[in-house]
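I have placed the structure first, in the form of structure tokens, so that the comments after it can refer back to it.
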There are 2 protein chains.
Amino acid sequence: MHIAIIGAAGMVGRKLTTRLATAGELTGRYIERLTLADVVPADAPAAFKGNVEIVAGDFSGEAEIQKLVDARPDVIFHLAAIVSGEAELDFEKGYRINMDGMRHLLEAIRHAHDEDGYRPRLVFTSSIGVYGSPFPASIPDDFHLTPLTSYGTQKAICELLLADYSRRGFVQGVGIRLPTICVRPGKPNKAASGFFSGIIREPLVGVEAILPVPDTVRHWHASPRSAVGFLIHAAEIDTMKLEGRPTLTMPGISATVEEQIDALRNVAGEKATLLIRREPDEMIMRIVASWPERFEATRATALGFRADASFEDIIKAHIEDELQK
Amino acid sequence: MHIAIIGAAGMVGRKLTTRLATAGELTGRYIERLTLADVVPADAPAAFKGNVEIVAGDFSGEAEIQKLVDARPDVIFHLAAIVSGEAELDFEKGYRINMDGMRHLLEAIRHAHDEDGYRPRLVFTSSIGVYGSPFPASIPDDFHLTPLTSYGTQKAICELLLADYSRRGFVQGVGIRLPTICVRPGKPNKAASGFFSGIIREPLVGVEAILPVPDTVRHWHASPRSAVGFLIHAAEIDTMKLEGRPTLTMPGISATVEEQIDALRNVAGEKATLLIRREPDEMIMRIVASWPERFEATRATALGFRADASFEDIIKAHIEDELQK
């Protein structure tokens, strides 16, 4: 089996690569070849016995994506995107990377399908950003998509394209709407959602973290480990069971900031929580106020997608995967 | 005021042109100039005193649309589309005309906005084809979009783009999801929905019509006259009232085929109804079974959009507008 990952150098892409390389198989088939595509060269996985091809380029363009599809990978994970904040600041880049990139990929697959019946599994990472407030307390699977950002608009359009190209039989598409990934490893970034990870990640290594919102703010989380599990499961499920609606909202953990801090206390003790400094930021508070708090994720759960069991488990996964390596 | 109509040679485009030319004004402003754009030359309206420019070309392409936007029309009605059946048969043409055409238009407007602050009113005709079964008996405004055709997918994508470009301040967008237009004047066509008009239009002129579905089939209708009224109202409403959700499901008349035939009897007598020949068609029955029956259209109604009062009124409007000219 040949697997291609577009966006392989990103955080989730790297973890997915490691997981696939370690497992050595997907849907019971031996992985002979991994193509790792991104705008910068991805790292080769250490534990992998098969062929690894590392390709760096602009995979939102037609030429690079054509080469990737020419190799007829059996499974394509399309994780590449620019994030919400950047898509809002750079309108053209957002549409080019997040929307045109997906369309070029789907078009290359469609032309390959016309040539030789090629019909790969395509796992696409969407986002809960396709939803816009006002929200009910718990958002059902059939809630309407009214994105309030260009990023959310681009992801919603990709979902529509994925559904139509799948319905027409050109591709076996599965879209997964990821929760906010927490605890995101690495350095603090400028994303408005960054503090959800920061208030856990920084105190665990003795560093102060800023909390810009009240403790009552509730949000929807999944660990990087769960996100990788969702991707693998999306590559393995029977697409007939999607009944023409190939994008699924993933399960997650709904937690308030207070519950996050309680979990941190339970895992790492009171002194960790004392490193959280409350510094209200009106702009971040306003942005976060329009974010969803909880999803029902009924379809995904019925199809076997599994989230973390608790926010404590999210913290423990971070410690195991990032701090005990 | 300068008004441009893209798709001016189509049935709704012609009626809209006539209405605007006759009124001579929109939102209380004198119409000095009409640009009538379509792939074939539109007819100049007889009653109009201002300038009329008739332009024929491919307005899904960047070059033609750029010229149109260069003239900075105050209001643009974008009605151009290929229909559902053709978009399903010709995948590439459907995306090119129905999706790329809208994107090129929005991009040309955005670039003009960057140049000189241009921000026209853009009225876009969407369709109830953005919805997919299964449906509740009456579909609320916040029902999710799960199109089951490429046409519906393309229209849903256009709605998302319209919302994002409007939110960013490039355009004052208003999208209207039209009901099935009934009674559609002219010759029978091959659309699966054609019989809804045929069973009224043909008997009124003494010609037999085929009814391929049971009398119990219920569907959602608006007269061409109402459709034009929706377009005019969409050009005149305060877009602030749209609250970031610029596409509205239009009100209509929900009627069973039996109710259509009863209305025909009331308007034109029993002998007209005897010209309806029942000839069940399994394929059309299957297609129509997945169509919506009724919409709540709460938002549009609150914003002052008005449908026909009854199916009898739909028939009377057809007689007045088409048979008594």
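Identifiers in this document derive from the order of the structure tokens: chains are assigned A, B, ..., residues are numbered from 1 separately in each chain, and ligands are numbered from 1 in order of occurrence.
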Note to self: Can you tell me, as a PyMOL selection string, which residues in range 2-207 of chain B count as helix (DSSP H, G or I) by DSSP?
What the structure shows: chain B and resi 11-23+62-70+84-89+91-116+128-130+150-167+194-204
Notebook entry, point to check: Near Leu303 in chain B, counting only C-alpha atoms, which residues have an atom at most 9 Å away, once you skip same-chain residues fewer than 5 positions from it, shown as an MDAnalysis selection string?
Noted result: chainID B and resid 237 241:242 298
Please produce a file of the residues just selected, as a PDB file, in the first residue's frame, where the atoms kept are N, CA, C and O atoms.
```
ATOM      1  N   ILE B 237     -33.504  45.792  -0.154  1.00  0.00           N
ATOM      2  CA  ILE B 237     -33.524  45.668   1.308  1.00  0.00           C
ATOM      3  C   ILE B 237     -32.209  46.155   1.923  1.00  0.00           C
ATOM      4  O   ILE B 237     -31.172  46.228   1.259  1.00  0.00           O
ATOM      5  N   LYS B 241     -29.759  44.040   7.832  1.00  0.00           N
ATOM      6  CA  LYS B 241     -30.769  43.171   8.451  1.00  0.00           C
ATOM      7  C   LYS B 241     -30.518  41.687   8.187  1.00  0.00           C
ATOM      8  O   LYS B 241     -31.194  40.826   8.745  1.00  0.00           O
ATOM      9  N   LEU B 242     -29.565  41.388   7.312  1.00  0.00           N
ATOM     10  CA  LEU B 242     -29.281  39.983   6.986  1.00  0.00           C
ATOM     11  C   LEU B 242     -28.391  39.325   8.044  1.00  0.00           C
ATOM     12  O   LEU B 242     -28.249  38.108   8.075  1.00  0.00           O
ATOM     13  N   THR B 298     -39.095  31.796   7.087  1.00  0.00           N
ATOM     14  CA  THR B 298     -39.401  32.757   8.153  1.00  0.00           C
ATOM     15  C   THR B 298     -38.636  34.066   7.981  1.00  0.00           C
ATOM     16  O   THR B 298     -39.214  35.155   8.093  1.00  0.00           O
TER      17      THR B 298
END
```
Next item on the list: Return as a VMD selection string the residues belonging to chain A that are within 9 Å of chain B, counting only C-alpha atoms.
Entry: chain A and resid 142 to 150 153 to 154 156 to 158 160 to 161 163 to 165 167 to 168 244 to 245
Notebook entry, point to check: Excluding same-chain residues fewer than 3 positions from Arg278 in chain B, what lies within 12 Å of it counting only C-alpha atoms, as a PyMOL selection string?
Noted result: chain B and resi 195+199+208-215+257+273-275+281
Only all heavy atoms, please: the residues just picked out, written as a compact mmCIF listing (two decimals), in the first residue's frame.
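Saved the output as out.txt:
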```txt
# COMPACT_ATOMS: atom_id res chain seq x y z
N PHE B 195 -43.00 18.93 -15.60
CA PHE B 195 -44.44 18.63 -15.61
C PHE B 195 -45.23 19.55 -14.68
O PHE B 195 -46.42 19.77 -14.90
CB PHE B 195 -44.68 17.16 -15.25
CG PHE B 195 -44.38 16.84 -13.81
CD1 PHE B 195 -45.36 17.00 -12.83
CD2 PHE B 195 -43.12 16.40 -13.42
CE1 PHE B 195 -45.08 16.72 -11.50
CE2 PHE B 195 -42.84 16.12 -12.10
CZ PHE B 195 -43.81 16.29 -11.14
N ILE B 199 -48.50 20.71 -16.72
CA ILE B 199 -49.91 20.32 -16.49
C ILE B 199 -50.82 21.53 -16.33
O ILE B 199 -52.04 21.40 -16.31
CB ILE B 199 -50.06 19.39 -15.25
CG1 ILE B 199 -49.54 20.08 -13.98
CG2 ILE B 199 -49.35 18.06 -15.50
CD1 ILE B 199 -49.89 19.32 -12.69
N GLU B 208 -52.60 18.69 -24.73
CA GLU B 208 -52.46 17.64 -23.73
C GLU B 208 -51.14 17.78 -22.98
O GLU B 208 -50.14 18.20 -23.55
CB GLU B 208 -52.51 16.28 -24.44
CG GLU B 208 -52.67 15.12 -23.50
CD GLU B 208 -52.66 13.78 -24.25
OE1 GLU B 208 -51.56 13.32 -24.64
OE2 GLU B 208 -53.74 13.22 -24.46
N ALA B 209 -51.16 17.40 -21.71
CA ALA B 209 -49.94 17.41 -20.89
C ALA B 209 -49.80 16.07 -20.19
O ALA B 209 -50.78 15.45 -19.81
CB ALA B 209 -50.00 18.54 -19.86
N ILE B 210 -48.54 15.65 -20.02
CA ILE B 210 -48.26 14.37 -19.35
C ILE B 210 -47.99 14.62 -17.87
O ILE B 210 -47.21 15.50 -17.52
CB ILE B 210 -47.01 13.70 -19.97
CG1 ILE B 210 -47.16 13.51 -21.48
CG2 ILE B 210 -46.68 12.39 -19.26
CD1 ILE B 210 -48.13 12.45 -21.88
N LEU B 211 -48.63 13.82 -17.03
CA LEU B 211 -48.34 13.85 -15.59
C LEU B 211 -47.64 12.55 -15.22
O LEU B 211 -48.27 11.50 -15.18
CB LEU B 211 -49.65 14.02 -14.80
CG LEU B 211 -49.51 13.94 -13.27
CD1 LEU B 211 -48.57 15.01 -12.74
CD2 LEU B 211 -50.87 14.02 -12.60
N PRO B 212 -46.33 12.60 -14.91
CA PRO B 212 -45.58 11.36 -14.68
C PRO B 212 -45.55 10.89 -13.24
O PRO B 212 -44.91 9.88 -12.94
CB PRO B 212 -44.16 11.76 -15.14
CG PRO B 212 -44.06 13.22 -14.85
CD PRO B 212 -45.46 13.79 -14.94
N VAL B 213 -46.18 11.64 -12.32
CA VAL B 213 -46.12 11.30 -10.88
C VAL B 213 -47.54 11.24 -10.32
O VAL B 213 -48.47 11.76 -10.93
CB VAL B 213 -45.28 12.35 -10.10
CG1 VAL B 213 -43.89 12.50 -10.69
CG2 VAL B 213 -45.99 13.70 -10.04
N PRO B 214 -47.70 10.64 -9.13
CA PRO B 214 -49.05 10.59 -8.52
C PRO B 214 -49.55 11.98 -8.12
O PRO B 214 -48.76 12.89 -7.88
CB PRO B 214 -48.84 9.72 -7.27
CG PRO B 214 -47.54 9.02 -7.46
CD PRO B 214 -46.71 9.90 -8.34
N ASP B 215 -50.86 12.12 -8.01
CA ASP B 215 -51.49 13.39 -7.63
C ASP B 215 -51.11 13.84 -6.23
O ASP B 215 -51.29 15.00 -5.87
CB ASP B 215 -53.02 13.27 -7.69
CG ASP B 215 -53.53 13.14 -9.11
OD1 ASP B 215 -52.88 12.41 -9.90
OD2 ASP B 215 -54.56 13.75 -9.42
N VAL B 257 -49.94 17.99 -6.46
CA VAL B 257 -50.39 17.98 -7.85
C VAL B 257 -51.92 18.06 -7.89
O VAL B 257 -52.50 18.76 -8.72
CB VAL B 257 -49.86 16.72 -8.57
CG1 VAL B 257 -50.57 16.52 -9.90
CG2 VAL B 257 -48.35 16.81 -8.75
N THR B 273 -58.72 20.30 -17.24
CA THR B 273 -58.09 19.23 -16.46
C THR B 273 -58.14 17.89 -17.19
O THR B 273 -57.31 17.02 -16.92
CB THR B 273 -58.75 19.07 -15.07
OG1 THR B 273 -60.09 18.58 -15.27
CG2 THR B 273 -58.79 20.40 -14.32
N LEU B 274 -59.09 17.74 -18.11
CA LEU B 274 -59.19 16.48 -18.84
C LEU B 274 -58.05 16.30 -19.83
O LEU B 274 -57.84 15.21 -20.37
CB LEU B 274 -60.54 16.39 -19.58
CG LEU B 274 -61.77 16.43 -18.65
CD1 LEU B 274 -63.06 16.42 -19.46
CD2 LEU B 274 -61.76 15.25 -17.68
N LEU B 275 -57.30 17.39 -20.08
CA LEU B 275 -56.15 17.30 -20.99
C LEU B 275 -54.88 16.78 -20.30
O LEU B 275 -53.83 16.65 -20.91
CB LEU B 275 -55.87 18.68 -21.61
CG LEU B 275 -56.92 19.12 -22.64
CD1 LEU B 275 -56.83 20.61 -22.91
CD2 LEU B 275 -56.76 18.33 -23.94
N ASP B 281 -43.94 7.70 -14.62
CA ASP B 281 -42.56 7.53 -15.08
C ASP B 281 -41.71 7.26 -13.84
O ASP B 281 -41.51 8.13 -13.00
CB ASP B 281 -42.10 8.81 -15.79
CG ASP B 281 -40.69 8.71 -16.34
OD1 ASP B 281 -39.81 8.18 -15.62
OD2 ASP B 281 -40.46 9.20 -17.46
```
Notebook entry, point to check: Neighbours of Arg177 in chain A within 12 Å (only C-alpha atoms; same-chain residues fewer than 4 positions away dropped), as a ChimeraX atom specification?
Noted result: /A:79,123-131,141,152,155-156,158-159,181,220-222,227,230-231,234,246-252,295,297,300,305
Margin query: If you run DSSP on the backbone here, which positions in range 91-171 of chain A get strand (DSSP E or B)? Please write them as number ranges by chain.
Written below: A: 121-127, 139, 143
Taking N, CA and C atoms for each residue, export the selection above as a tab-separated table (two decimals), in the first residue's frame.
```
chain	number	residue	atom	x	y	z
A	121	ARG	N	-8.82	6.45	-1.39
A	121	ARG	CA	-9.37	6.99	-0.16
A	121	ARG	C	-8.72	8.35	0.08
A	122	LEU	N	-9.56	9.36	0.29
A	122	LEU	CA	-9.05	10.70	0.59
A	122	LEU	C	-9.58	11.14	1.95
A	123	VAL	N	-8.68	11.30	2.90
A	123	VAL	CA	-9.08	11.75	4.24
A	123	VAL	C	-8.72	13.23	4.35
A	124	PHE	N	-9.74	14.03	4.56
A	124	PHE	CA	-9.58	15.48	4.57
A	124	PHE	C	-9.85	16.03	5.97
A	125	THR	N	-8.93	16.87	6.46
A	125	THR	CA	-9.19	17.46	7.78
A	125	THR	C	-9.93	18.78	7.63
A	126	SER	N	-11.18	18.77	8.06
A	126	SER	CA	-11.95	20.00	8.14
A	126	SER	C	-11.83	20.53	9.58
A	127	SER	N	-12.76	21.34	9.98
A	127	SER	CA	-12.61	22.05	11.25
A	127	SER	C	-13.99	22.41	11.78
A	139	ILE	N	-24.15	20.99	19.98
A	139	ILE	CA	-24.42	21.16	18.55
A	139	ILE	C	-24.63	19.81	17.88
A	143	PHE	N	-26.54	20.43	12.39
A	143	PHE	CA	-26.56	21.89	12.55
A	143	PHE	C	-26.05	22.53	11.26
```
Margin query: Show me, as JSON, numbers by chain, the residues that have an atom within 10 Å of Ala47 in chain A when counting only C-alpha atoms, minus same-chain residues fewer than 3 positions from it.
Written below: {"A": [18, 19, 20, 21, 22, 23, 24, 44, 50]}
Keeping N, CA and C atoms, export the residues of the selection given above as a PDB file, in the first residue's frame.
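Result file part.pdb:
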```pdb
ATOM      1  N   THR A  18       4.572   9.143  12.011  1.00  0.00           N
ATOM      2  CA  THR A  18       5.192   8.259  13.005  1.00  0.00           C
ATOM      3  C   THR A  18       4.289   7.061  13.315  1.00  0.00           C
ATOM      4  N   ARG A  19       2.997   7.356  13.494  1.00  0.00           N
ATOM      5  CA  ARG A  19       2.062   6.277  13.819  1.00  0.00           C
ATOM      6  C   ARG A  19       1.991   5.248  12.685  1.00  0.00           C
ATOM      7  N   LEU A  20       1.899   5.735  11.446  1.00  0.00           N
ATOM      8  CA  LEU A  20       1.804   4.818  10.297  1.00  0.00           C
ATOM      9  C   LEU A  20       3.103   4.027  10.133  1.00  0.00           C
ATOM     10  N   ALA A  21       4.224   4.718  10.295  1.00  0.00           N
ATOM     11  CA  ALA A  21       5.520   4.060  10.125  1.00  0.00           C
ATOM     12  C   ALA A  21       5.715   2.973  11.182  1.00  0.00           C
ATOM     13  N   THR A  22       5.281   3.258  12.388  1.00  0.00           N
ATOM     14  CA  THR A  22       5.426   2.299  13.483  1.00  0.00           C
ATOM     15  C   THR A  22       4.500   1.094  13.280  1.00  0.00           C
ATOM     16  N   ALA A  23       3.265   1.380  12.886  1.00  0.00           N
ATOM     17  CA  ALA A  23       2.310   0.286  12.668  1.00  0.00           C
ATOM     18  C   ALA A  23       2.710  -0.552  11.456  1.00  0.00           C
ATOM     19  N   GLY A  24       3.202   0.107  10.414  1.00  0.00           N
ATOM     20  CA  GLY A  24       3.633  -0.617   9.212  1.00  0.00           C
ATOM     21  C   GLY A  24       2.491  -1.108   8.342  1.00  0.00           C
ATOM     22  N   ALA A  44      11.993  12.132   7.665  1.00  0.00           N
ATOM     23  CA  ALA A  44      11.717  10.719   7.419  1.00  0.00           C
ATOM     24  C   ALA A  44      11.468  10.024   8.754  1.00  0.00           C
ATOM     25  N   GLY A  50       9.707   0.570   4.765  1.00  0.00           N
ATOM     26  CA  GLY A  50       9.384   0.732   3.349  1.00  0.00           C
ATOM     27  C   GLY A  50      10.073   1.935   2.718  1.00  0.00           C
TER      28      GLY A  50
END
```
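Interatomic distance, CA of Ala112 in chain A against CA of Asp74 in chain A: 12.5 Å.
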Margin query: Just checking: using only C-alpha atoms, which residue out of B:Ala56, B:Ile176, B:Leu204, B:Ile287 ends up closest to Glu270 in chain B?
Written below: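 Checking each of B:Ala56, B:Ile176, B:Leu204, B:Ile287 against Glu270 in chain B, counting only C-alpha atoms, the winner is B:Leu204.
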Next item on the list: To one decimal in Å, tell me the separation between CA of Val40 in chain A and CA of Gly57 in chain A.
Entry: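 Answer for the CA of Val40 in chain A to CA of Gly57 in chain A separation: 6.9 Å.
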Checklist line | d(CA of Gly85 in chain B, CA of Ser193 in chain B) in Å | finding: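 For CA of Gly85 in chain B relative to CA of Ser193 in chain B, the distance reads 10.2 Å.
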